[in-house]
Structure formats: C-alpha cells, structure tokens
Amino acid sequence: MLNPFYTRRVVVLPCLTTLFCVLAVGAAPVVHWTFDVTGNEVRDVAGNSHGMLEGDTLPERTWPGVFGAALRFDAGRSRVRVPHSDEVSLHGEFTVEYVIKPSRIDGFRTLFWKGDRTVSPQAINYYVDLRDGRPELKAKDAAGRWIVYSTPTVLSANEWHHVVITFRSGKVEIFVNGKGCDVSASEDGERSKELLGNTCDLVLGDGANPSGTAYSFCGLIDDLKIYGSRDIGMLGEDYAMRWRAFRKNVRERETAFQQERAQRAVEARKNREREYDALLAERASQPGAPFVATVLPTTERLNGAPDFFRSIRRFTRTATVSAARRESEGFQVILMGHRNAETVKASVSVSDLVCDDGARIPASALSWGRLERVSTEEPDLPVAFVGAIPDVIIEDGALVSVPPGDFGALFCRIHTGDASPGRYEGKLTLSAGKFRETIDIDLTVYDFALPVRGTLRTAFCFFEQYYLKWYGLKALTDPQREAIYEFLLDYRLSPCNIYSSTAPFPEVRFLEKYRDRINFFTVGRIRGGTAEEIGRSVAERVALFRRIRELGLEEYMYFYSFDELSGNMKRFPAAVKITSALRKAWPELKMMQTSFPIPELQPLFNVWAPLFYEFDKADKLAVLQTMRARGDRIWWYAADAPRHPFPNFFLDYPVYDCRVIGTLSYVQGVEGILYWCANREWQTNLDIREQWPDAPWKSHIFSVNTGRRKYKNGMGNLIYPGRNGVLCASLRLENLRDGLEDYEYLHALGGAVKRLEGAGVPAAAKALLPEARALLTPPPTAVKGIHSWSQDPTHLLQYRDRVGRMLGKIAEAMRP
C-alpha cells in the first residue's frame, strides 16, 4: 500500500478506519519500496528498481505494517537484492526515509547498503544502519576509511519508527518520528560534498563484512524511500497527530494478527502431540515401555524444540560404528519420554565388545556420559533454532533423566586402542526399574592405526587462568596440569596458549613428557620497546631454542605474537623490530601470524593462518600458493567469523560443522587449525560455579577489549568445567576430534598411494593403486571446498568408510 505520508491527498488509513488526514506536500521519490511482497519480488512502486528476496523463506515473513504489510528480517536469514542503477546510487544531495520496527537494537543492524567489502580498499557508496539503536548514515572515502554521521537518539525495540535522513553537500540531518536530532560526524575518513559511487548491488535488510553477510537487521521494514534531493515535506505541522493515528491503527491490526497466530499455534501443538504419541506407540520395544530409545550418530544433534522428534531421520536400536586402531568413535542414545508420565531415571551399563575370532575390546574401553543441554540466546547470525541445545557431556555415572514429552540423551565413546581388525559386537543396556532396553553395538575396526602424534597441527588455546578462577586455586600443581594436558591430547589438541608470555608454553618438563604427542607449542612473547631490550629478550630465548632442538621438538616450535596484525597496523613498527631480531638470532624459527599475507607483512612472518573464508577466492589462493612456494607454512583459523556457508564452531550451528573442518583442511592443503580459545565461557559463568551443572550455563562471552557482549553462542568454548577439576567434553569437541581423525585417514591414504607407486610392491597391492589414487579426492557430494560442502554427514561418512576399507586392503596386500 502506498505510504500516505507523502502526497497531497485525502487518504483512508489502513483497515478502512474512518479517520482521514490531509497530508503534507512532498516531492515524488525516485525509489519507493512498500514491502507488500508478491512471490519473491519486492517492487519499486516509483520506478524500476525492483528487488528479489534471497536466502531462507521465513515462516510468517509478512506482518502488519504501518502502511499495509511489512517484511520480516531475521539476522541475515534473508535479504533483498536490488541491481545497481542511477536511482539507487547516492551522491551530492538526497533524502532517505524509512519506517521500521526493530526487534533488536544491539550492535550494528543494517537497513540497507550499497558496496563491496571484499575489495581493497572497500567500496562503500552508503550504509544506512542502527548502531546500538542509533540511526546512522555511513560511507567510505577513496582510501577505504569510514565517514559516519550519527545521532545520540536511540530507537526503542519492538516499536514503530519513522526516520528521515537528508544529505546535501556534506551536511546531514536526521529526523526520528518527526523530531530533528543532533548529528555528529566521526571516524577518520575524508569528508566531502559527495559520496563515492560504485556499480554494486543494493542490499536491503542485511549487511556484510569481508567474509560475507553480517551486521544484519532484525525486525520489520514497512516502507523505504529515496529522494533525489533534500526533502522533509512529509514532516508537516500535523505530523504528530498523523503518526499517532497510524500507530494506533497498526496496533489494532497487530492484535488481530497475534490472535490468529495464537490459534494456529494451538492447532499445531495438538497435531504435534498426536503425532508424538503415535510415534512412541509405534516405536516402543514392548508394551508399557517407560521410554523409547533410538541411536543418533555423533554428527547429528537434536535440540529442545517441541517437535524435536521430527529431526530423527532414522530410528534404530543398533549403533553401527567404525574406527581404526588408536581411534575414538562414539554415538548418541536418545530416550524419549511419554507425555503423560512422570520423569523416568535410567541407568546405563556396557558389555565387552567381542570379535568374530574371539578377540575382545573390554567394557573399560567404553565410556559414557549424560548429554546435557546448554541454552542459547538469539545470536547476531542466522540460525535454525534458539533455545536448549545438547552439548556438554557429563561423565559422572548419574542416571539419565527422561522428562515427559521430551528426551534425555547420553553419549557413548569407544576407544579401540590396539584392537585387532575385524567386526565386534556388544551391548549397551538401559535400565529403569524392571524395564530393560538394549542397544546393540556393531563396531568395525579397520586394519590400520592412527598415529600417536596428530598430523594436522592444532592450536586450540586452553586458558589456565580461567581454570584457576573456576576452582578457586592460586596455582596449578603438576598433576593438575598433566590432567588438563592429557585431556586435550586425548582429543588430539596440543596444550597451548598462544597469548602466553611463558617460554615455552607448555613448560619444558611437559614438552619432554609429551614429546611424542605434541605437534604445536609456542616460545612466549618477546618483551621490550627498545632495540636493546628486545635484544636481551631474544638472547634469553636462544638458549631455550637450543634445548628444544636437543629434544627433537624444533619442528613443532612457533613464535606467535601481534594477533591479527593486518587489522591493527599500529603495531607494525614493533612487529618489524621483534621479528627482525628473532630472524637474525634463529633463522629457522617459525613465526606465525593470524592475518592474510598482505605485502607489508610478508617479510616479517613465515607461517600464515588466515580466516577460513580467505580460501574462497582464486586471487587469495594464488597469494597463498606463492607463500607456500617460498617455503612458508599455511594454516587457517576461525573466531567470531566466518559464518555460513563457511563452517564454524558455534553452538547453534549444526554440530557436523566441527567435523567437516578436518576433511576441508585436507582438501585446502593446510598444515594446521588455530582456534583462539576452548574454555572462554568459564569467565562468564563464574557466578554459578557453585551450582553448575544444575544452574543454567550462559553461552556467551564479553570482549576483553571493549567489555561488550558477543552475540555468538558457544564462541571460544568447546570444554566445560566438571566437578573436582574434571574437564567435560562437548559434543562439538567430539566432532572436532572425529574430523581430525578423518584427516588422518586421508593422510594415511596419501602415504599408502606413494608406497604403491614405488618399486618392489606385490602385484596384489599394485592392483589397488588406481582405486586408492581416485579415493584421494573426496566426492563432490561430500566436499568440494571451504564454501561448498554437503550439510548431510552421510556422504562424508560413506566416503570415510571407503577410505578405511581401502587402507585395510592395502595393509593386507602388502603383507609378505
């Protein structure tokens, strides 16, 4: 519906109210989107700047708006793309006007923007957004520096607002709900009388950073106009009266809309309950069973949604697992409770696993724990679910609770050790009173062993200071440190803290103890500002470097400092001094940087760990290949970026993300994975340490630099504190280890292919070479690259099985 603020006419207000208004004079806009969507097209009723919806099809995407329908945007799940045209390009004089109802006002919330943030310098014609609820107009100058015009006026969440922003010859005005606001200019860009144009698309409802979608709007957009000149004619003397009338009218329509939604929700709940009851009746193993059990692969995860049972793709009471020797693999068991019953408590026991030839894996090699939930809050990225998500594995032997109309869960882990190859069978038994439910375990052990030391290097920091705070300790004893380090090493993570000044970290005695398992450690930061101070600090390190060389661990020794230097070049002069001194003292030292190797940094470092998304562009890959060719090492890392379609370790991303990273690491040819912290949320939850795990865990952190909350659930936290100093793994950590072990399969296959290509290979083994060589490339149905991989774990698991069986065939064929 056309917005009746903007033309001289008598207008009937929405929903045929009897209130009429004589509206103010205003010039005709050059662009006008009403968001009365037809199909996926968002039409420009003033011209031809039509847009198309992209992304997810949101349920209930249109809601009542002030002037007809409004379009709902949800943290980047959808956006509208408008092709470039002169009408949407803003330069020396213009007015933008919008009517919105934001549901979130924290951080940056982009209403619309035009530009490209993947080029250097970034090309930004304009960015219209909210910053902590304050309307802003932003642009970038020719050097890529921000120019920001903002007001201290804050929009309220869940309220309708009408905002007008004018620009004329570098002067900006901002009006909120008819009132002029103070406007200030900030940032260090060069202000001019015109904004820099570009030929990029215009995007509505979503923003971006160099890795992709970001800073997304949450809420309703009802009306958006662009004028080719300064125009505030819509703000007449009777504005306040008209705006009150419009808002009153929309509240009435919103009430009716919510009543309809509530009625639909009641019907949906009744249908869901009937479906759930029928499912449990069909799947129960015997009449009167207090719960229904099914196996769920490690790569899948249910959540606390009322319709969780619809996510179970296959019901089975057989856990089919495969593993190499010296590998850990697991499975989940889901226990679903009847709606009209009491909470059921189930105990768990496991048997030995017995092979066809009589070999055994003892029950002591199997471990299990309750899989408990962690509640999330709405993040600043699109996710499928917000609420309680099973993640923390608590191995305290307590009974598994099965609540009525809901599910309990456990995770069972099998350590194969040096078991002989073959097929093993055993049982996991669930007991509740006189009721017994049996889960059959069918394990295949492949005929090869994983290495003790991981091939894919890992730098996942565990902050010991948070351990001390959580358990109220002043210092860690060696046994306490060893317990931490052995837990990490069991998950193929080298104990580390890249930010520590301890030289080395871990200390030498622990390097000696775990010398056969560690594949990464750091030698501490170099202190000092002057050349003399730096020289003394470097000289102290040289003796340490010699000792590490004697231990045979120099290959795994790294210097890490100047975190993400390309984003903070103020530290560049210090980096030049320190890296130069280190290179002169120890030329072979590996110096790591979590930046893309931009030209300024290339002389300083020789190990590069760019973010995952940097491996998505041909030009970036060419630079990385150049670095490899000169002998540099290439890692990669994740932090609060990237987001999908790239994988990450967020709690509310599919848990399979954590596993596929291992295979992607092989495909992209990286040497290691870096992740800034694995226990960062401990600091956020210190107030509940006496009540945990009974108290709810807060799945967010606060920035150590700004103190601001980060709206990404589970970021920097893969490990939870248990009772009495015991560490608890997460389901994400289990998947990460599985992914690291998937990498070992492919690395082992690569080595086997090289051996088959050599001389003196038995004919039977040589015959396997074509098939083995072909298996080195994962099928495109599973993985193509960092931006293109299947969300269905089945494809990767089937591929892994073919690789495992091929390695077994090769091992058998190579035997004399």
# chains A, B, ... in the order shown; residues from 1 in each chain; ligands from 1

$ residues_around --residues "stretch 300-305 of chain A" --least-positions-apart "6" --cutoff "10 Å" --atoms "only C-alpha atoms" --output "PDB file with N, CA, C and O atoms, in the first residue's frame"
ATOM      1  N   SER A 311      13.143 -34.427  13.732  1.00  0.00           N
ATOM      2  CA  SER A 311      14.510 -34.330  13.205  1.00  0.00           C
ATOM      3  C   SER A 311      15.228 -35.664  13.196  1.00  0.00           C
ATOM      4  O   SER A 311      16.345 -35.755  12.678  1.00  0.00           O
ATOM      5  N   ILE A 312      14.630 -36.688  13.781  1.00  0.00           N
ATOM      6  CA  ILE A 312      15.271 -38.011  13.807  1.00  0.00           C
ATOM      7  C   ILE A 312      15.046 -38.665  12.451  1.00  0.00           C
ATOM      8  O   ILE A 312      13.924 -39.020  12.090  1.00  0.00           O
ATOM      9  N   ARG A 313      16.122 -38.833  11.705  1.00  0.00           N
ATOM     10  CA  ARG A 313      15.988 -39.318  10.325  1.00  0.00           C
ATOM     11  C   ARG A 313      15.797 -40.828  10.259  1.00  0.00           C
ATOM     12  O   ARG A 313      15.222 -41.332   9.293  1.00  0.00           O
ATOM     13  N   PHE A 331      28.691 -42.590  19.686  1.00  0.00           N
ATOM     14  CA  PHE A 331      27.317 -42.481  19.215  1.00  0.00           C
ATOM     15  C   PHE A 331      26.468 -41.931  20.354  1.00  0.00           C
ATOM     16  O   PHE A 331      26.872 -41.947  21.520  1.00  0.00           O
ATOM     17  N   GLN A 332      25.295 -41.440  20.000  1.00  0.00           N
ATOM     18  CA  GLN A 332      24.344 -40.940  20.989  1.00  0.00           C
ATOM     19  C   GLN A 332      23.185 -41.917  21.127  1.00  0.00           C
ATOM     20  O   GLN A 332      22.838 -42.615  20.171  1.00  0.00           O
ATOM     21  N   ILE A 334      19.187 -41.556  22.321  1.00  0.00           N
ATOM     22  CA  ILE A 334      18.104 -40.637  22.658  1.00  0.00           C
ATOM     23  C   ILE A 334      16.993 -41.436  23.335  1.00  0.00           C
ATOM     24  O   ILE A 334      16.555 -42.465  22.810  1.00  0.00           O
ATOM     25  N   ARG A 373      21.948 -30.190  28.153  1.00  0.00           N
ATOM     26  CA  ARG A 373      21.679 -29.058  27.263  1.00  0.00           C
ATOM     27  C   ARG A 373      22.269 -27.752  27.798  1.00  0.00           C
ATOM     28  O   ARG A 373      22.386 -27.549  29.000  1.00  0.00           O
ATOM     29  N   VAL A 374      22.592 -26.903  26.856  1.00  0.00           N
ATOM     30  CA  VAL A 374      23.019 -25.532  27.133  1.00  0.00           C
ATOM     31  C   VAL A 374      22.079 -24.613  26.372  1.00  0.00           C
ATOM     32  O   VAL A 374      21.866 -24.793  25.171  1.00  0.00           O
ATOM     33  N   SER A 375      21.516 -23.642  27.050  1.00  0.00           N
ATOM     34  CA  SER A 375      20.547 -22.748  26.411  1.00  0.00           C
ATOM     35  C   SER A 375      21.247 -21.604  25.699  1.00  0.00           C
ATOM     36  O   SER A 375      22.187 -21.011  26.221  1.00  0.00           O
ATOM     37  N   PHE A 385      17.642 -22.520  15.206  1.00  0.00           N
ATOM     38  CA  PHE A 385      16.961 -22.727  16.484  1.00  0.00           C
ATOM     39  C   PHE A 385      17.645 -21.904  17.565  1.00  0.00           C
ATOM     40  O   PHE A 385      18.872 -21.790  17.595  1.00  0.00           O
ATOM     41  N   VAL A 386      16.844 -21.350  18.457  1.00  0.00           N
ATOM     42  CA  VAL A 386      17.338 -20.663  19.649  1.00  0.00           C
ATOM     43  C   VAL A 386      16.673 -21.312  20.853  1.00  0.00           C
ATOM     44  O   VAL A 386      15.443 -21.407  20.920  1.00  0.00           O
ATOM     45  N   GLY A 387      17.479 -21.778  21.795  1.00  0.00           N
ATOM     46  CA  GLY A 387      16.935 -22.447  22.977  1.00  0.00           C
ATOM     47  C   GLY A 387      17.919 -23.461  23.517  1.00  0.00           C
ATOM     48  O   GLY A 387      19.137 -23.281  23.418  1.00  0.00           O
ATOM     49  N   ALA A 388      17.397 -24.550  24.092  1.00  0.00           N
ATOM     50  CA  ALA A 388      18.225 -25.554  24.753  1.00  0.00           C
ATOM     51  C   ALA A 388      18.797 -26.532  23.737  1.00  0.00           C
ATOM     52  O   ALA A 388      18.050 -27.185  22.995  1.00  0.00           O
ATOM     53  N   ILE A 389      20.142 -26.652  23.717  1.00  0.00           N
ATOM     54  CA  ILE A 389      20.841 -27.492  22.747  1.00  0.00           C
ATOM     55  C   ILE A 389      21.751 -28.466  23.489  1.00  0.00           C
ATOM     56  O   ILE A 389      22.603 -28.039  24.277  1.00  0.00           O
ATOM     57  N   PRO A 390      21.616 -29.783  23.285  1.00  0.00           N
ATOM     58  CA  PRO A 390      22.514 -30.744  23.940  1.00  0.00           C
ATOM     59  C   PRO A 390      23.959 -30.522  23.501  1.00  0.00           C
ATOM     60  O   PRO A 390      24.254 -30.490  22.311  1.00  0.00           O
ATOM     61  N   ASP A 391      24.864 -30.367  24.486  1.00  0.00           N
ATOM     62  CA  ASP A 391      26.263 -30.115  24.127  1.00  0.00           C
ATOM     63  C   ASP A 391      27.246 -30.681  25.144  1.00  0.00           C
ATOM     64  O   ASP A 391      28.223 -31.299  24.774  1.00  0.00           O
ATOM     65  N   ASP A 406       9.465 -35.250  26.289  1.00  0.00           N
ATOM     66  CA  ASP A 406      10.756 -34.677  25.909  1.00  0.00           C
ATOM     67  C   ASP A 406      11.763 -35.824  25.807  1.00  0.00           C
ATOM     68  O   ASP A 406      11.386 -36.989  25.818  1.00  0.00           O
ATOM     69  N   PHE A 407      13.035 -35.502  25.748  1.00  0.00           N
ATOM     70  CA  PHE A 407      14.025 -36.559  25.625  1.00  0.00           C
ATOM     71  C   PHE A 407      15.193 -36.318  26.561  1.00  0.00           C
ATOM     72  O   PHE A 407      15.535 -35.186  26.904  1.00  0.00           O
ATOM     73  N   ALA A 409      19.378 -37.779  26.880  1.00  0.00           N
ATOM     74  CA  ALA A 409      20.376 -38.253  25.914  1.00  0.00           C
ATOM     75  C   ALA A 409      21.654 -38.651  26.629  1.00  0.00           C
ATOM     76  O   ALA A 409      21.973 -38.117  27.704  1.00  0.00           O
ATOM     77  N   ASP A 652      25.174 -23.088  18.077  1.00  0.00           N
ATOM     78  CA  ASP A 652      23.896 -23.235  17.389  1.00  0.00           C
ATOM     79  C   ASP A 652      24.044 -23.461  15.891  1.00  0.00           C
ATOM     80  O   ASP A 652      23.059 -23.420  15.164  1.00  0.00           O
ATOM     81  N   PRO A 654      25.010 -26.424  13.030  1.00  0.00           N
ATOM     82  CA  PRO A 654      24.978 -27.888  13.049  1.00  0.00           C
ATOM     83  C   PRO A 654      26.297 -28.448  13.575  1.00  0.00           C
ATOM     84  O   PRO A 654      27.376 -27.983  13.202  1.00  0.00           O
ATOM     85  N   VAL A 655      26.215 -29.439  14.437  1.00  0.00           N
ATOM     86  CA  VAL A 655      27.413 -29.961  15.086  1.00  0.00           C
ATOM     87  C   VAL A 655      28.375 -30.580  14.070  1.00  0.00           C
ATOM     88  O   VAL A 655      29.592 -30.661  14.304  1.00  0.00           O
ATOM     89  N   TYR A 656      27.860 -30.956  12.927  1.00  0.00           N
ATOM     90  CA  TYR A 656      28.692 -31.537  11.866  1.00  0.00           C
ATOM     91  C   TYR A 656      29.720 -30.539  11.335  1.00  0.00           C
ATOM     92  O   TYR A 656      30.761 -30.944  10.812  1.00  0.00           O
ATOM     93  N   LEU A 731      29.778 -32.080  22.719  1.00  0.00           N
ATOM     94  CA  LEU A 731      29.503 -32.845  21.508  1.00  0.00           C
ATOM     95  C   LEU A 731      30.256 -32.237  20.327  1.00  0.00           C
ATOM     96  O   LEU A 731      30.684 -32.952  19.412  1.00  0.00           O
ATOM     97  N   ARG A 732      30.465 -30.911  20.366  1.00  0.00           N
ATOM     98  CA  ARG A 732      31.261 -30.271  19.309  1.00  0.00           C
ATOM     99  C   ARG A 732      32.713 -30.730  19.368  1.00  0.00           C
ATOM    100  O   ARG A 732      33.350 -30.943  18.329  1.00  0.00           O
ATOM    101  N   ASN A 735      33.072 -34.090  17.788  1.00  0.00           N
ATOM    102  CA  ASN A 735      33.062 -33.983  16.327  1.00  0.00           C
ATOM    103  C   ASN A 735      34.368 -33.404  15.803  1.00  0.00           C
ATOM    104  O   ASN A 735      34.834 -33.806  14.732  1.00  0.00           O
ATOM    105  N   ASP A 792      24.780 -32.734   4.775  1.00  0.00           N
ATOM    106  CA  ASP A 792      24.359 -34.095   5.126  1.00  0.00           C
ATOM    107  C   ASP A 792      25.605 -34.920   5.435  1.00  0.00           C
ATOM    108  O   ASP A 792      26.396 -35.223   4.536  1.00  0.00           O
ATOM    109  N   PRO A 793      25.824 -35.306   6.698  1.00  0.00           N
ATOM    110  CA  PRO A 793      27.040 -36.040   7.061  1.00  0.00           C
ATOM    111  C   PRO A 793      27.162 -37.402   6.391  1.00  0.00           C
ATOM    112  O   PRO A 793      28.266 -37.950   6.313  1.00  0.00           O
TER     113      PRO A 793
END

$ select_by_dssp --residues "stretch 88-317 of chain A" --states "helix (DSSP H, G or I)" --output "number ranges by chain"
A: 239-283, 308-311

$ residues_around --residues "A:Arg547" --least-positions-apart "4" --cutoff "12 Å" --atoms "only C-alpha atoms" --output "ChimeraX atom specification"
/A:503-504,507-509,511-512,523,540-543,551-554,557

$ residues_around --residues "A:Lys193" --least-positions-apart "4" --cutoff "6 Å" --atoms "only C-alpha atoms" --output "JSON, numbers by chain"
{"A": [92, 169, 170]}

$ residues_around --residues "A:Tyr560" --least-positions-apart "2" --cutoff "9 Å" --atoms "only C-alpha atoms" --output "list in words"
Ile498, Tyr499, Thr522, Val523, Gly524, Arg525, Tyr558, Phe562, Asp563, Lys590, Met591, Met592, Gln593 and Thr594 of chain A

$ write_last_selection --atoms "N, CA and C atoms" --output "PDB file, in the first residue's frame"
ATOM      1  N   ILE A 498      48.523 -19.335  22.930  1.00  0.00           N
ATOM      2  CA  ILE A 498      49.342 -18.523  22.030  1.00  0.00           C
ATOM      3  C   ILE A 498      49.574 -17.118  22.566  1.00  0.00           C
ATOM      4  N   TYR A 499      48.777 -16.707  23.544  1.00  0.00           N
ATOM      5  CA  TYR A 499      48.909 -15.352  24.090  1.00  0.00           C
ATOM      6  C   TYR A 499      49.827 -15.305  25.307  1.00  0.00           C
ATOM      7  N   THR A 522      54.372 -22.851  21.689  1.00  0.00           N
ATOM      8  CA  THR A 522      54.924 -21.520  21.449  1.00  0.00           C
ATOM      9  C   THR A 522      56.061 -21.227  22.420  1.00  0.00           C
ATOM     10  N   VAL A 523      56.865 -20.238  22.040  1.00  0.00           N
ATOM     11  CA  VAL A 523      58.053 -19.895  22.836  1.00  0.00           C
ATOM     12  C   VAL A 523      57.891 -18.557  23.554  1.00  0.00           C
ATOM     13  N   GLY A 524      56.654 -18.107  23.732  1.00  0.00           N
ATOM     14  CA  GLY A 524      56.390 -16.906  24.509  1.00  0.00           C
ATOM     15  C   GLY A 524      56.615 -15.634  23.728  1.00  0.00           C
ATOM     16  N   ARG A 525      56.001 -14.590  24.202  1.00  0.00           N
ATOM     17  CA  ARG A 525      56.127 -13.292  23.541  1.00  0.00           C
ATOM     18  C   ARG A 525      57.439 -12.622  23.922  1.00  0.00           C
ATOM     19  N   TYR A 558      56.885 -22.656  17.629  1.00  0.00           N
ATOM     20  CA  TYR A 558      56.408 -21.478  16.922  1.00  0.00           C
ATOM     21  C   TYR A 558      56.542 -20.239  17.806  1.00  0.00           C
ATOM     22  N   PHE A 562      51.443 -10.453  17.998  1.00  0.00           N
ATOM     23  CA  PHE A 562      50.793  -9.474  17.124  1.00  0.00           C
ATOM     24  C   PHE A 562      49.544 -10.073  16.480  1.00  0.00           C
ATOM     25  N   ASP A 563      48.616 -10.437  17.331  1.00  0.00           N
ATOM     26  CA  ASP A 563      47.380 -11.092  16.926  1.00  0.00           C
ATOM     27  C   ASP A 563      46.651 -10.273  15.861  1.00  0.00           C
ATOM     28  N   LYS A 590      59.855 -20.580  13.219  1.00  0.00           N
ATOM     29  CA  LYS A 590      58.564 -20.403  12.561  1.00  0.00           C
ATOM     30  C   LYS A 590      57.802 -19.284  13.285  1.00  0.00           C
ATOM     31  N   MET A 591      57.504 -18.219  12.566  1.00  0.00           N
ATOM     32  CA  MET A 591      56.821 -17.058  13.142  1.00  0.00           C
ATOM     33  C   MET A 591      55.435 -16.952  12.524  1.00  0.00           C
ATOM     34  N   MET A 592      54.422 -17.129  13.370  1.00  0.00           N
ATOM     35  CA  MET A 592      53.038 -17.294  12.928  1.00  0.00           C
ATOM     36  C   MET A 592      52.273 -15.983  13.021  1.00  0.00           C
ATOM     37  N   GLN A 593      51.387 -15.776  12.046  1.00  0.00           N
ATOM     38  CA  GLN A 593      50.544 -14.587  12.024  1.00  0.00           C
ATOM     39  C   GLN A 593      49.126 -14.967  11.580  1.00  0.00           C
ATOM     40  N   THR A 594      48.141 -14.532  12.378  1.00  0.00           N
ATOM     41  CA  THR A 594      46.729 -14.754  12.033  1.00  0.00           C
ATOM     42  C   THR A 594      46.231 -13.604  11.168  1.00  0.00           C
TER      43      THR A 594
END

$ select_by_dssp --residues "stretch 621-800 of chain A" --states "strand (DSSP E or B)" --output "JSON, numbers by chain"
{"A": [633, 634, 636, 637, 638, 672, 673, 674, 675, 679, 701, 702, 709, 710, 717, 719, 720, 721, 727, 728, 729, 730, 783, 784, 785, 788, 789]}

$ closest_atom_pairs --of "stretch 312-405 of chain A" --to "stretch 443-459 of chain A" --cutoff "9 Å" --atoms "only C-alpha atoms" --output "JSON lines"
{"residue": "A:Ala319", "atom": "CA", "partner": "A:Leu443", "partner_atom": "CA", "distance": 8.1}
{"residue": "A:Thr320", "atom": "CA", "partner": "A:Leu443", "partner_atom": "CA", "distance": 6.0}
{"residue": "A:Val321", "atom": "CA", "partner": "A:Leu443", "partner_atom": "CA", "distance": 4.8}
{"residue": "A:Ser322", "atom": "CA", "partner": "A:Thr444", "partner_atom": "CA", "distance": 4.5}
{"residue": "A:Ala323", "atom": "CA", "partner": "A:Val445", "partner_atom": "CA", "distance": 5.1}
{"residue": "A:Ala324", "atom": "CA", "partner": "A:Tyr446", "partner_atom": "CA", "distance": 4.8}
{"residue": "A:Arg325", "atom": "CA", "partner": "A:Ala449", "partner_atom": "CA", "distance": 4.3}
{"residue": "A:Arg326", "atom": "CA", "partner": "A:Leu450", "partner_atom": "CA", "distance": 5.6}
{"residue": "A:Glu327", "atom": "CA", "partner": "A:Leu450", "partner_atom": "CA", "distance": 6.5}
{"residue": "A:Leu353", "atom": "CA", "partner": "A:Leu443", "partner_atom": "CA", "distance": 8.1}
{"residue": "A:Cys355", "atom": "CA", "partner": "A:Leu443", "partner_atom": "CA", "distance": 9.0}

$ write_last_selection --atoms "N, CA and C atoms" --output "PDB file, in the first residue's frame"
ATOM      1  N   ALA A 319      23.784 -49.373  17.163  1.00  0.00           N
ATOM      2  CA  ALA A 319      24.818 -48.363  16.924  1.00  0.00           C
ATOM      3  C   ALA A 319      25.878 -48.980  16.031  1.00  0.00           C
ATOM      4  N   THR A 320      25.946 -48.527  14.787  1.00  0.00           N
ATOM      5  CA  THR A 320      26.923 -49.028  13.831  1.00  0.00           C
ATOM      6  C   THR A 320      28.075 -48.043  13.768  1.00  0.00           C
ATOM      7  N   VAL A 321      29.249 -48.503  14.170  1.00  0.00           N
ATOM      8  CA  VAL A 321      30.406 -47.622  14.340  1.00  0.00           C
ATOM      9  C   VAL A 321      31.603 -48.267  13.648  1.00  0.00           C
ATOM     10  N   SER A 322      32.499 -47.445  13.112  1.00  0.00           N
ATOM     11  CA  SER A 322      33.743 -47.963  12.544  1.00  0.00           C
ATOM     12  C   SER A 322      34.889 -47.073  12.990  1.00  0.00           C
ATOM     13  N   ALA A 323      36.072 -47.669  13.131  1.00  0.00           N
ATOM     14  CA  ALA A 323      37.231 -46.915  13.610  1.00  0.00           C
ATOM     15  C   ALA A 323      38.507 -47.657  13.262  1.00  0.00           C
ATOM     16  N   ALA A 324      39.580 -46.914  13.173  1.00  0.00           N
ATOM     17  CA  ALA A 324      40.911 -47.505  13.046  1.00  0.00           C
ATOM     18  C   ALA A 324      41.421 -47.888  14.434  1.00  0.00           C
ATOM     19  N   ARG A 325      42.559 -48.541  14.486  1.00  0.00           N
ATOM     20  CA  ARG A 325      43.203 -48.737  15.782  1.00  0.00           C
ATOM     21  C   ARG A 325      43.682 -47.375  16.304  1.00  0.00           C
ATOM     22  N   ARG A 326      43.704 -47.245  17.617  1.00  0.00           N
ATOM     23  CA  ARG A 326      44.075 -45.991  18.289  1.00  0.00           C
ATOM     24  C   ARG A 326      43.154 -44.829  17.897  1.00  0.00           C
ATOM     25  N   GLU A 327      41.888 -45.154  17.687  1.00  0.00           N
ATOM     26  CA  GLU A 327      40.908 -44.119  17.362  1.00  0.00           C
ATOM     27  C   GLU A 327      39.778 -44.147  18.379  1.00  0.00           C
ATOM     28  N   LEU A 353      33.123 -55.781  23.955  1.00  0.00           N
ATOM     29  CA  LEU A 353      32.851 -55.950  22.530  1.00  0.00           C
ATOM     30  C   LEU A 353      33.663 -57.153  22.060  1.00  0.00           C
ATOM     31  N   CYS A 355      34.866 -59.904  19.072  1.00  0.00           N
ATOM     32  CA  CYS A 355      35.076 -60.083  17.638  1.00  0.00           C
ATOM     33  C   CYS A 355      34.703 -61.497  17.222  1.00  0.00           C
TER      34      CYS A 355
END
